[in-house]
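Okay, input.pdb now, which holds PDB, C-alpha atoms and all ligand atoms:
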```pdb
MODEL        1
ATOM      1  CA  MET A  26      40.770 -70.078 -22.604
ATOM      2  CA  THR A  27      39.734 -73.712 -22.716
ATOM      3  CA  VAL A  28      38.724 -75.184 -19.388
ATOM      4  CA  SER A  29      39.790 -78.789 -18.915
ATOM      5  CA  LEU A  30      38.274 -81.427 -16.638
ATOM      6  CA  PRO A  31      39.633 -84.721 -15.270
ATOM      7  CA  GLU A  32      39.083 -87.751 -17.528
ATOM      8  CA  GLY A  33      35.504 -89.046 -17.372
ATOM      9  CA  PHE A  34      33.938 -85.646 -16.687
ATOM     10  CA  GLU A  35      32.260 -83.273 -19.122
ATOM     11  CA  PHE A  36      30.524 -79.893 -19.147
ATOM     12  CA  ARG A  37      27.039 -79.780 -20.591
ATOM     13  CA  PRO A  38      23.861 -77.704 -20.247
ATOM     14  CA  ILE A  39      21.279 -78.936 -17.727
ATOM     15  CA  SER A  40      18.930 -81.534 -19.220
ATOM     16  CA  LEU A  41      15.392 -82.609 -18.312
ATOM     17  CA  GLU A  42      16.738 -85.903 -16.946
ATOM     18  CA  ASP A  43      18.901 -84.140 -14.337
ATOM     19  CA  LYS A  44      16.151 -83.212 -11.867
ATOM     20  CA  LYS A  45      16.869 -85.869  -9.234
ATOM     21  CA  ASP A  46      20.643 -85.336  -9.414
ATOM     22  CA  LEU A  47      20.299 -81.548  -9.244
ATOM     23  CA  VAL A  48      18.141 -81.691  -6.121
ATOM     24  CA  LYS A  49      20.822 -83.847  -4.477
ATOM     25  CA  VAL A  50      23.786 -81.741  -5.616
ATOM     26  CA  LEU A  51      22.137 -78.411  -4.704
ATOM     27  CA  SER A  52      21.338 -79.686  -1.206
ATOM     28  CA  VAL A  53      25.001 -78.974  -0.283
ATOM     29  CA  LEU A  54      24.261 -75.307  -0.981
ATOM     30  CA  THR A  55      20.855 -74.776   0.608
ATOM     31  CA  GLU A  56      17.441 -76.296   1.252
ATOM     32  CA  VAL A  57      16.051 -77.132  -2.183
ATOM     33  CA  GLY A  58      12.449 -77.653  -1.103
ATOM     34  CA  ASN A  59       9.775 -79.599  -2.939
ATOM     35  CA  VAL A  60      10.503 -79.430  -6.668
ATOM     36  CA  THR A  61       7.864 -81.494  -8.442
ATOM     37  CA  ASP A  62       8.468 -82.905 -11.919
ATOM     38  CA  ALA A  63       5.913 -80.398 -13.247
ATOM     39  CA  LEU A  64       7.732 -77.451 -11.635
ATOM     40  CA  PHE A  65      11.093 -78.637 -12.954
ATOM     41  CA  GLU A  66       9.685 -79.062 -16.475
ATOM     42  CA  GLU A  67       8.174 -75.570 -16.324
ATOM     43  CA  LEU A  68      11.452 -74.042 -15.125
ATOM     44  CA  TYR A  69      13.461 -75.963 -17.702
ATOM     45  CA  ALA A  70      11.184 -74.733 -20.504
ATOM     46  CA  TYR A  71      11.453 -71.156 -19.183
ATOM     47  CA  TRP A  72      15.254 -71.317 -19.086
ATOM     48  CA  GLN A  73      15.350 -72.774 -22.593
ATOM     49  CA  LYS A  74      13.039 -70.064 -23.932
ATOM     50  CA  ASN A  75      15.168 -67.380 -22.273
ATOM     51  CA  SER A  76      18.571 -68.866 -23.023
ATOM     52  CA  ASP A  77      20.090 -65.439 -23.748
ATOM     53  CA  THR A  78      19.710 -64.840 -20.012
ATOM     54  CA  TYR A  79      19.721 -68.250 -18.296
ATOM     55  CA  ASN A  80      22.693 -70.574 -18.736
ATOM     56  CA  PRO A  81      22.500 -73.477 -16.271
ATOM     57  CA  ILE A  82      25.285 -76.036 -16.693
ATOM     58  CA  VAL A  83      26.501 -79.213 -15.014
ATOM     59  CA  ILE A  84      29.715 -81.161 -14.722
ATOM     60  CA  TYR A  85      28.683 -84.716 -15.557
ATOM     61  CA  ASP A  86      30.465 -87.865 -14.368
ATOM     62  CA  THR A  87      30.217 -90.032 -17.482
ATOM     63  CA  LYS A  88      31.446 -93.168 -15.689
ATOM     64  CA  LYS A  89      28.982 -93.034 -12.798
ATOM     65  CA  GLN A  90      26.405 -91.308 -15.036
ATOM     66  CA  GLN A  91      25.524 -88.664 -12.507
ATOM     67  CA  VAL A  92      25.781 -84.914 -12.029
ATOM     68  CA  ALA A  93      28.842 -83.978  -9.985
ATOM     69  CA  ALA A  94      28.423 -80.185  -9.909
ATOM     70  CA  THR A  95      26.171 -77.433 -11.153
ATOM     71  CA  GLY A  96      26.130 -73.670 -11.634
ATOM     72  CA  MET A  97      24.176 -70.936 -13.375
ATOM     73  CA  LEU A  98      25.271 -67.930 -15.416
ATOM     74  CA  LEU A  99      22.685 -65.150 -15.618
ATOM     75  CA  VAL A 100      23.307 -62.495 -18.256
ATOM     76  CA  GLU A 101      21.905 -59.077 -17.426
ATOM     77  CA  GLN A 102      21.412 -56.668 -20.323
ATOM     78  CA  LYS A 103      22.125 -53.181 -18.964
ATOM     79  CA  LEU A 104      21.487 -49.647 -20.193
ATOM     80  CA  ILE A 105      24.714 -48.259 -18.707
ATOM     81  CA  HIS A 106      28.117 -48.618 -20.370
ATOM     82  CA  ALA A 107      26.314 -48.295 -23.716
ATOM     83  CA  GLY A 108      24.077 -51.309 -23.197
ATOM     84  CA  ALA A 109      26.737 -53.573 -21.706
ATOM     85  CA  LYS A 110      26.084 -57.084 -20.413
ATOM     86  CA  LEU A 111      26.886 -58.148 -16.842
ATOM     87  CA  GLY A 112      27.276 -61.818 -15.915
ATOM     88  CA  HIS A 113      26.009 -63.121 -12.564
ATOM     89  CA  ILE A 114      27.310 -66.460 -11.280
ATOM     90  CA  GLU A 115      24.667 -68.170  -9.147
ATOM     91  CA  ASP A 116      23.901 -71.401  -7.295
ATOM     92  CA  ILE A 117      27.284 -73.090  -7.388
ATOM     93  CA  ALA A 118      27.353 -76.563  -5.868
ATOM     94  CA  VAL A 119      29.778 -79.481  -6.026
ATOM     95  CA  SER A 120      28.351 -82.738  -4.639
ATOM     96  CA  SER A 121      30.102 -83.766  -1.388
ATOM     97  CA  GLU A 122      31.713 -86.863  -2.916
ATOM     98  CA  TYR A 123      33.391 -84.703  -5.603
ATOM     99  CA  GLN A 124      34.576 -81.771  -3.489
ATOM    100  CA  GLY A 125      38.328 -81.126  -3.447
ATOM    101  CA  MET A 126      38.847 -82.457  -7.010
ATOM    102  CA  LYS A 127      39.105 -78.952  -8.579
ATOM    103  CA  LEU A 128      35.658 -79.352 -10.161
ATOM    104  CA  GLY A 129      34.435 -76.184  -8.399
ATOM    105  CA  LYS A 130      37.269 -74.136  -9.887
ATOM    106  CA  ALA A 131      36.678 -75.667 -13.332
ATOM    107  CA  LEU A 132      32.977 -74.780 -13.056
ATOM    108  CA  ILE A 133      33.716 -71.125 -12.194
ATOM    109  CA  ASP A 134      36.336 -70.918 -14.971
ATOM    110  CA  LYS A 135      33.814 -72.352 -17.461
ATOM    111  CA  LEU A 136      30.952 -70.040 -16.455
ATOM    112  CA  THR A 137      33.342 -67.070 -16.603
ATOM    113  CA  GLU A 138      34.513 -68.145 -20.050
ATOM    114  CA  ILE A 139      30.921 -68.409 -21.304
ATOM    115  CA  ALA A 140      30.161 -64.960 -19.821
ATOM    116  CA  ILE A 141      33.141 -63.156 -21.328
ATOM    117  CA  GLU A 142      33.781 -65.032 -24.580
ATOM    118  CA  ASP A 143      30.354 -66.331 -25.658
ATOM    119  CA  LYS A 144      27.996 -63.766 -24.159
ATOM    120  CA  GLY A 145      30.222 -60.686 -24.375
ATOM    121  CA  CYS A 146      29.907 -59.679 -20.713
ATOM    122  CA  TYR A 147      32.227 -56.872 -19.607
ATOM    123  CA  LYS A 148      32.318 -58.207 -16.032
ATOM    124  CA  THR A 149      31.184 -61.235 -14.028
ATOM    125  CA  VAL A 150      30.063 -60.939 -10.407
ATOM    126  CA  LEU A 151      28.944 -63.270  -7.638
ATOM    127  CA  TYR A 152      27.802 -63.189  -4.034
ATOM    128  CA  CYS A 153      29.301 -65.618  -1.530
ATOM    129  CA  ALA A 154      29.662 -66.365   2.165
ATOM    130  CA  GLU A 155      32.862 -65.278   3.938
ATOM    131  CA  LYS A 156      33.940 -68.944   4.248
ATOM    132  CA  ASN A 157      34.080 -69.250   0.454
ATOM    133  CA  VAL A 158      36.127 -66.109  -0.245
ATOM    134  CA  GLY A 159      39.361 -68.132  -0.394
ATOM    135  CA  PHE A 160      37.839 -70.467  -2.995
ATOM    136  CA  TYR A 161      36.751 -67.606  -5.253
ATOM    137  CA  GLU A 162      40.146 -65.910  -4.849
ATOM    138  CA  LYS A 163      41.678 -69.160  -6.188
ATOM    139  CA  CYS A 164      39.365 -68.644  -9.179
ATOM    140  CA  SER A 165      40.832 -65.105  -9.663
ATOM    141  CA  TYR A 166      37.789 -63.249  -8.266
ATOM    142  CA  LYS A 167      38.403 -60.281  -5.955
ATOM    143  CA  ARG A 168      36.441 -58.605  -3.172
ATOM    144  CA  ASP A 169      34.551 -55.738  -4.803
ATOM    145  CA  GLY A 170      32.002 -53.725  -2.828
ATOM    146  CA  VAL A 171      29.455 -54.984  -0.324
ATOM    147  CA  GLU A 172      26.482 -57.230  -1.055
ATOM    148  CA  MET A 173      23.257 -56.263   0.730
ATOM    149  CA  SER A 174      19.856 -57.931   0.868
ATOM    150  CA  LYS A 175      16.377 -57.550   2.303
ATOM    151  CA  ARG A 176      14.196 -60.548   2.868
ATOM    152  CA  LYS A 177      10.426 -60.610   2.742
TER     153      LYS A 177
HETATM  154  N1  LIG B   1      37.993 -71.701   1.243
HETATM  155  C1  LIG B   1      39.259 -71.535   0.774
HETATM  156  N2  LIG B   1      39.771 -72.292  -0.249
HETATM  157  C2  LIG B   1      38.965 -73.234  -0.765
HETATM  158  C3  LIG B   1      37.634 -73.464  -0.317
HETATM  159  C4  LIG B   1      37.146 -72.638   0.725
HETATM  160  N3  LIG B   1      35.887 -72.754   1.202
HETATM  161  N4  LIG B   1      37.086 -74.465  -1.049
HETATM  162  C5  LIG B   1      38.041 -74.848  -1.912
HETATM  163  N5  LIG B   1      39.168 -74.106  -1.762
HETATM  164  C6  LIG B   1      40.410 -74.162  -2.520
HETATM  165  C7  LIG B   1      40.951 -75.574  -2.696
HETATM  166  O1  LIG B   1      41.762 -75.965  -1.610
HETATM  167  C8  LIG B   1      41.705 -75.446  -4.005
HETATM  168  O2  LIG B   1      42.943 -74.819  -3.734
HETATM  169  P1  LIG B   1      44.318 -75.285  -4.478
HETATM  170  O3  LIG B   1      44.088 -75.040  -5.958
HETATM  171  O4  LIG B   1      45.372 -74.417  -3.892
HETATM  172  O5  LIG B   1      44.487 -76.740  -4.185
HETATM  173  C9  LIG B   1      40.867 -74.452  -4.820
HETATM  174  O6  LIG B   1      40.116 -73.698  -3.841
HETATM  175  C10 LIG B   1      39.890 -75.121  -5.791
HETATM  176  O7  LIG B   1      39.068 -75.998  -5.037
HETATM  177  P2  LIG B   1      38.067 -77.028  -5.724
HETATM  178  O8  LIG B   1      38.547 -78.432  -5.522
HETATM  179  O9  LIG B   1      37.780 -76.613  -7.126
HETATM  180  O10 LIG B   1      36.758 -76.798  -4.832
HETATM  181  P3  LIG B   1      35.436 -77.706  -4.804
HETATM  182  O11 LIG B   1      35.287 -78.474  -6.067
HETATM  183  O12 LIG B   1      35.396 -78.456  -3.526
HETATM  184  O13 LIG B   1      34.292 -76.590  -4.809
HETATM  185  C11 LIG B   1      32.812 -75.278  -3.465
HETATM  186  C12 LIG B   1      34.275 -75.561  -3.832
HETATM  187  C13 LIG B   1      32.033 -74.863  -4.709
HETATM  188  C14 LIG B   1      32.789 -74.122  -2.451
HETATM  189  C15 LIG B   1      32.217 -76.579  -2.846
HETATM  190  O14 LIG B   1      32.913 -76.894  -1.673
HETATM  191  C16 LIG B   1      30.726 -76.510  -2.540
HETATM  192  O15 LIG B   1      29.889 -76.856  -3.382
HETATM  193  N6  LIG B   1      30.382 -76.082  -1.310
HETATM  194  C17 LIG B   1      28.990 -76.073  -0.818
HETATM  195  C18 LIG B   1      28.089 -75.136  -1.607
HETATM  196  C19 LIG B   1      28.643 -73.730  -1.692
HETATM  197  O16 LIG B   1      29.073 -73.136  -0.695
HETATM  198  N7  LIG B   1      28.623 -73.168  -2.933
HETATM  199  C20 LIG B   1      29.091 -71.818  -3.228
HETATM  200  C21 LIG B   1      27.972 -70.853  -2.998
HETATM  201  S1  LIG B   1      28.350 -69.192  -3.573
HETATM  202  C22 LIG B   1      27.564 -69.049  -5.099
HETATM  203  O17 LIG B   1      26.761 -69.876  -5.479
HETATM  204  C23 LIG B   1      27.915 -67.873  -6.030
ENDMDL
END
```
What do you get writing this file as structure tokens?
Amino acid sequence: MTVSLPEGFEFRPISLEDKKDLVKVLSVLTEVGNVTDALFEELYAYWQKNSDTYNPIVIYDTKKQQVAATGMLLVEQKLIHAGAKLGHIEDIAVSSEYQGMKLGKALIDKLTEIAIEDKGCYKTVLYCAEKNVGFYEKCSYKRDGVEMSKRK
């Protein structure tokens, strides 16, 4: 599977220069909080060092030279299923000005492709709000179990 994007857009891994754009794009998802340059550099270095696990990518608008969307693939190395790998799709956000252009679907398709084809995951899972179920169904994901959480 090769995931295509509209002309002028490209997939690439997150880079150190993306901090300001990422804070803006992720604000459509949740409150990002105070991410200092030092914190971002530390996180970036951690993700780079642990790139078997952390795969943060962006869709970049090469004309406007800004990040249009971002998402993360986390690869969990399991003991079960003979040491199988499970992909987790996390922190998906398409900047408001780019929503409705099929960039969100392209992002999910790309992260799923990386999980299955590059990382060898047997399955890819994600947690989402009820209002986004229709979007993920368009990306060929299905309801599967119940997500639960406990906050501090
Ligand atoms: N409900 C139902 N269908 C939807 C929704 C929705 N909320 N959003 C988009 N769709 C449909 C579109 O109409 C389109 O359908 P079509 O192919 O029949 O025309 C298809 O899904 C693909 O839509 P895209 O244009 O790719 O969607 P977009 O680029 O706007 O991205 C997204 C969707 C990611 C939900 C975006 O609106 C967004 O960033 N929202 C705010 C942040 C957010 O909720 N992120 C997801 C958190 S869950 C997680 O991180 C695992």
Distance atom CA of Thr87 of chain A-atom CA of Leu151 of chain A, one decimal place?
-> 28.5 Å
Please, which residues have at least one atom within 9 Å of an atom of ligand LIG 1 (chain B), using all atoms listed in the file, listed as a ChimeraX atom specification?
-> /A:50-55,94-97,113-121,123-133,150-164
Name the residues that the PyMOL selection byres (((chain A and resi 28) around 7) and not hetatm) pulls out of this structure, and write them as an mmCIF file with C-alpha atoms, in the frame of the given file.
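Contents of part_17.cif, as written:
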```
data_model
loop_
_atom_site.group_PDB
_atom_site.id
_atom_site.type_symbol
_atom_site.label_atom_id
_atom_site.label_comp_id
_atom_site.auth_asym_id
_atom_site.auth_seq_id
_atom_site.Cartn_x
_atom_site.Cartn_y
_atom_site.Cartn_z
ATOM 1 C CA MET A 26 40.770 -70.078 -22.604
ATOM 2 C CA THR A 27 39.734 -73.712 -22.716
ATOM 3 C CA SER A 29 39.790 -78.789 -18.915
ATOM 4 C CA LEU A 30 38.274 -81.427 -16.638
ATOM 5 C CA ALA A 131 36.678 -75.667 -13.332
ATOM 6 C CA ASP A 134 36.336 -70.918 -14.971
ATOM 7 C CA LYS A 135 33.814 -72.352 -17.461
#
```
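Among A:Ala70, A:Ile141, A:Leu41, A:Leu47, the residue with the shortest atom-to-atom distance to Gln91 of chain A, counting only C-alpha atoms, is A:Leu47.
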Closest of A:Glu66, A:Glu172, A:Glu42, A:Glu35 to Asp86 of chain A, counting all atoms listed in the file, is A:Glu35
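The space between atom CA of Lys148 of chain A and atom CA of Pro31 of chain A spans 27.5 Å.
Atom CA of Ser174 of chain A is found 18.5 Å from atom CA of Glu56 of chain A.
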Which centre and edge lengths in Å to one decimal define the box along x, y and z that fits every listed atom of segment 133-149 of chain A plus 5 Å per side, as AutoDock Vina command-line options?
```
--center_x 32.2 --center_y -64.6 --center_z -18.9 --size_x 18.3 --size_y 25.5 --size_z 23.5
```
One residue among A:Gln90, A:Asn80, A:Asn75, A:Gln102 is nearest to Asp46 of chain A when using all atoms listed in the file, and that residue is A:Gln90
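Closest approach to Gly145 of chain A among A:Ile84, A:Ser165, A:Asp77, A:Val60 is made by A:Asp77 (distances from all atoms listed in the file).
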With the file shown as input, list the residues that the PyMOL selection byres (((chain A and resi 36) around 8) and not hetatm) selects, as a PDB file with C-alpha atoms, in the coordinates of the input.
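Written file, result_36.pdb:
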```
ATOM      1  CA  PHE A  34      33.938 -85.646 -16.687  1.00  0.00           C
ATOM      2  CA  GLU A  35      32.260 -83.273 -19.122  1.00  0.00           C
ATOM      3  CA  ARG A  37      27.039 -79.780 -20.591  1.00  0.00           C
ATOM      4  CA  PRO A  38      23.861 -77.704 -20.247  1.00  0.00           C
ATOM      5  CA  ILE A  82      25.285 -76.036 -16.693  1.00  0.00           C
ATOM      6  CA  VAL A  83      26.501 -79.213 -15.014  1.00  0.00           C
ATOM      7  CA  ILE A  84      29.715 -81.161 -14.722  1.00  0.00           C
ATOM      8  CA  TYR A  85      28.683 -84.716 -15.557  1.00  0.00           C
TER       9      TYR A  85
END
```
Return as a ChimeraX atom specification the set of residues that the PyMOL selection byres (((chain A and resi 99) around 6) and not hetatm) yields on the displayed structure.
-> /A:78-79,98,100,112-113
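Between Thr149 of chain A and the candidates A:Val48, A:Met173, A:Leu111, A:Ala63, the tightest atom-to-atom separation, counting all atoms listed in the file, involves A:Leu111.
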Given only C-alpha atoms as the counted atoms, nearest of A:Val57, A:Ala93, A:Ile39, A:Lys88 to Tyr69 of chain A | A:Ile39
With all heavy atoms as the target, complete segment 27-38 of chain A and hand it back as a PDB file, in the frame of the given file.
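Final file, selection26.pdb:
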```pdb
ATOM      1  N   THR A  27      40.531 -72.495 -22.682  1.00  0.00           N
ATOM      2  CA  THR A  27      39.734 -73.712 -22.716  1.00  0.00           C
ATOM      3  C   THR A  27      39.852 -74.388 -21.361  1.00  0.00           C
ATOM      4  O   THR A  27      40.953 -74.663 -20.890  1.00  0.00           O
ATOM      5  CB  THR A  27      40.244 -74.666 -23.829  1.00  0.00           C
ATOM      6  OG1 THR A  27      40.173 -73.963 -25.054  1.00  0.00           O
ATOM      7  CG2 THR A  27      39.387 -75.913 -23.917  1.00  0.00           C
ATOM      8  N   VAL A  28      38.719 -74.627 -20.740  1.00  0.00           N
ATOM      9  CA  VAL A  28      38.724 -75.184 -19.388  1.00  0.00           C
ATOM     10  C   VAL A  28      38.731 -76.705 -19.482  1.00  0.00           C
ATOM     11  O   VAL A  28      37.872 -77.301 -20.127  1.00  0.00           O
ATOM     12  CB  VAL A  28      37.482 -74.712 -18.606  1.00  0.00           C
ATOM     13  CG1 VAL A  28      37.520 -75.250 -17.188  1.00  0.00           C
ATOM     14  CG2 VAL A  28      37.391 -73.192 -18.613  1.00  0.00           C
ATOM     15  N   SER A  29      39.731 -77.327 -18.841  1.00  0.00           N
ATOM     16  CA  SER A  29      39.790 -78.789 -18.915  1.00  0.00           C
ATOM     17  C   SER A  29      39.265 -79.415 -17.628  1.00  0.00           C
ATOM     18  O   SER A  29      39.270 -78.802 -16.558  1.00  0.00           O
ATOM     19  CB  SER A  29      41.216 -79.249 -19.211  1.00  0.00           C
ATOM     20  OG  SER A  29      42.077 -78.731 -18.240  1.00  0.00           O
ATOM     21  N   LEU A  30      38.821 -80.654 -17.755  1.00  0.00           N
ATOM     22  CA  LEU A  30      38.274 -81.427 -16.638  1.00  0.00           C
ATOM     23  C   LEU A  30      39.041 -82.740 -16.537  1.00  0.00           C
ATOM     24  O   LEU A  30      39.626 -83.196 -17.525  1.00  0.00           O
ATOM     25  CB  LEU A  30      36.799 -81.755 -16.914  1.00  0.00           C
ATOM     26  CG  LEU A  30      35.787 -80.628 -16.728  1.00  0.00           C
ATOM     27  CD1 LEU A  30      34.416 -81.051 -17.246  1.00  0.00           C
ATOM     28  CD2 LEU A  30      35.697 -80.209 -15.265  1.00  0.00           C
ATOM     29  N   PRO A  31      39.016 -83.389 -15.360  1.00  0.00           N
ATOM     30  CA  PRO A  31      39.633 -84.721 -15.270  1.00  0.00           C
ATOM     31  C   PRO A  31      38.941 -85.682 -16.238  1.00  0.00           C
ATOM     32  O   PRO A  31      37.788 -85.456 -16.622  1.00  0.00           O
ATOM     33  CB  PRO A  31      39.366 -85.135 -13.815  1.00  0.00           C
ATOM     34  CG  PRO A  31      38.960 -83.902 -13.076  1.00  0.00           C
ATOM     35  CD  PRO A  31      38.419 -82.944 -14.082  1.00  0.00           C
ATOM     36  N   GLU A  32      39.648 -86.757 -16.609  1.00  0.00           N
ATOM     37  CA  GLU A  32      39.083 -87.751 -17.528  1.00  0.00           C
ATOM     38  C   GLU A  32      37.772 -88.315 -16.951  1.00  0.00           C
ATOM     39  O   GLU A  32      37.670 -88.568 -15.738  1.00  0.00           O
ATOM     40  CB  GLU A  32      40.087 -88.886 -17.721  1.00  0.00           C
ATOM     41  CG  GLU A  32      39.853 -89.649 -19.004  1.00  0.00           C
ATOM     42  CD  GLU A  32      40.590 -90.979 -18.993  1.00  0.00           C
ATOM     43  OE1 GLU A  32      41.708 -91.022 -18.464  1.00  0.00           O
ATOM     44  OE2 GLU A  32      39.996 -91.952 -19.495  1.00  0.00           O
ATOM     45  N   GLY A  33      36.772 -88.467 -17.819  1.00  0.00           N
ATOM     46  CA  GLY A  33      35.504 -89.046 -17.372  1.00  0.00           C
ATOM     47  C   GLY A  33      34.481 -88.001 -16.936  1.00  0.00           C
ATOM     48  O   GLY A  33      33.371 -88.356 -16.528  1.00  0.00           O
ATOM     49  N   PHE A  34      34.875 -86.722 -17.031  1.00  0.00           N
ATOM     50  CA  PHE A  34      33.938 -85.646 -16.687  1.00  0.00           C
ATOM     51  C   PHE A  34      33.738 -84.756 -17.898  1.00  0.00           C
ATOM     52  O   PHE A  34      34.658 -84.558 -18.685  1.00  0.00           O
ATOM     53  CB  PHE A  34      34.467 -84.809 -15.519  1.00  0.00           C
ATOM     54  CG  PHE A  34      34.508 -85.550 -14.209  1.00  0.00           C
ATOM     55  CD1 PHE A  34      35.626 -86.318 -13.878  1.00  0.00           C
ATOM     56  CD2 PHE A  34      33.441 -85.512 -13.332  1.00  0.00           C
ATOM     57  CE1 PHE A  34      35.674 -87.018 -12.673  1.00  0.00           C
ATOM     58  CE2 PHE A  34      33.476 -86.207 -12.125  1.00  0.00           C
ATOM     59  CZ  PHE A  34      34.593 -86.962 -11.791  1.00  0.00           C
ATOM     60  N   GLU A  35      32.523 -84.201 -18.015  1.00  0.00           N
ATOM     61  CA  GLU A  35      32.260 -83.273 -19.122  1.00  0.00           C
ATOM     62  C   GLU A  35      31.343 -82.140 -18.662  1.00  0.00           C
ATOM     63  O   GLU A  35      30.543 -82.319 -17.751  1.00  0.00           O
ATOM     64  CB  GLU A  35      31.632 -84.001 -20.319  1.00  0.00           C
ATOM     65  CG  GLU A  35      30.265 -84.590 -20.000  1.00  0.00           C
ATOM     66  CD  GLU A  35      29.617 -85.315 -21.188  1.00  0.00           C
ATOM     67  OE1 GLU A  35      30.333 -85.746 -22.099  1.00  0.00           O
ATOM     68  OE2 GLU A  35      28.368 -85.440 -21.154  1.00  0.00           O
ATOM     69  N   PHE A  36      31.482 -80.991 -19.335  1.00  0.00           N
ATOM     70  CA  PHE A  36      30.524 -79.893 -19.147  1.00  0.00           C
ATOM     71  C   PHE A  36      29.376 -80.122 -20.114  1.00  0.00           C
ATOM     72  O   PHE A  36      29.600 -80.496 -21.263  1.00  0.00           O
ATOM     73  CB  PHE A  36      31.154 -78.541 -19.526  1.00  0.00           C
ATOM     74  CG  PHE A  36      32.238 -78.077 -18.612  1.00  0.00           C
ATOM     75  CD1 PHE A  36      33.555 -78.029 -19.042  1.00  0.00           C
ATOM     76  CD2 PHE A  36      31.937 -77.642 -17.322  1.00  0.00           C
ATOM     77  CE1 PHE A  36      34.565 -77.570 -18.212  1.00  0.00           C
ATOM     78  CE2 PHE A  36      32.948 -77.187 -16.476  1.00  0.00           C
ATOM     79  CZ  PHE A  36      34.260 -77.153 -16.926  1.00  0.00           C
ATOM     80  N   ARG A  37      28.155 -79.835 -19.662  1.00  0.00           N
ATOM     81  CA  ARG A  37      27.039 -79.780 -20.591  1.00  0.00           C
ATOM     82  C   ARG A  37      25.920 -78.938 -19.967  1.00  0.00           C
ATOM     83  O   ARG A  37      25.878 -78.751 -18.743  1.00  0.00           O
ATOM     84  CB  ARG A  37      26.540 -81.176 -20.984  1.00  0.00           C
ATOM     85  CG  ARG A  37      25.964 -81.998 -19.866  1.00  0.00           C
ATOM     86  CD  ARG A  37      25.075 -83.099 -20.439  1.00  0.00           C
ATOM     87  NE  ARG A  37      24.636 -84.048 -19.444  1.00  0.00           N
ATOM     88  CZ  ARG A  37      23.709 -83.825 -18.538  1.00  0.00           C
ATOM     89  NH1 ARG A  37      23.136 -82.629 -18.438  1.00  0.00           N
ATOM     90  NH2 ARG A  37      23.350 -84.769 -17.686  1.00  0.00           N
ATOM     91  N   PRO A  38      24.995 -78.431 -20.815  1.00  0.00           N
ATOM     92  CA  PRO A  38      23.861 -77.704 -20.247  1.00  0.00           C
ATOM     93  C   PRO A  38      23.002 -78.662 -19.411  1.00  0.00           C
ATOM     94  O   PRO A  38      23.031 -79.878 -19.632  1.00  0.00           O
ATOM     95  CB  PRO A  38      23.072 -77.231 -21.484  1.00  0.00           C
ATOM     96  CG  PRO A  38      24.013 -77.376 -22.626  1.00  0.00           C
ATOM     97  CD  PRO A  38      24.959 -78.476 -22.285  1.00  0.00           C
TER      98      PRO A  38
END
```
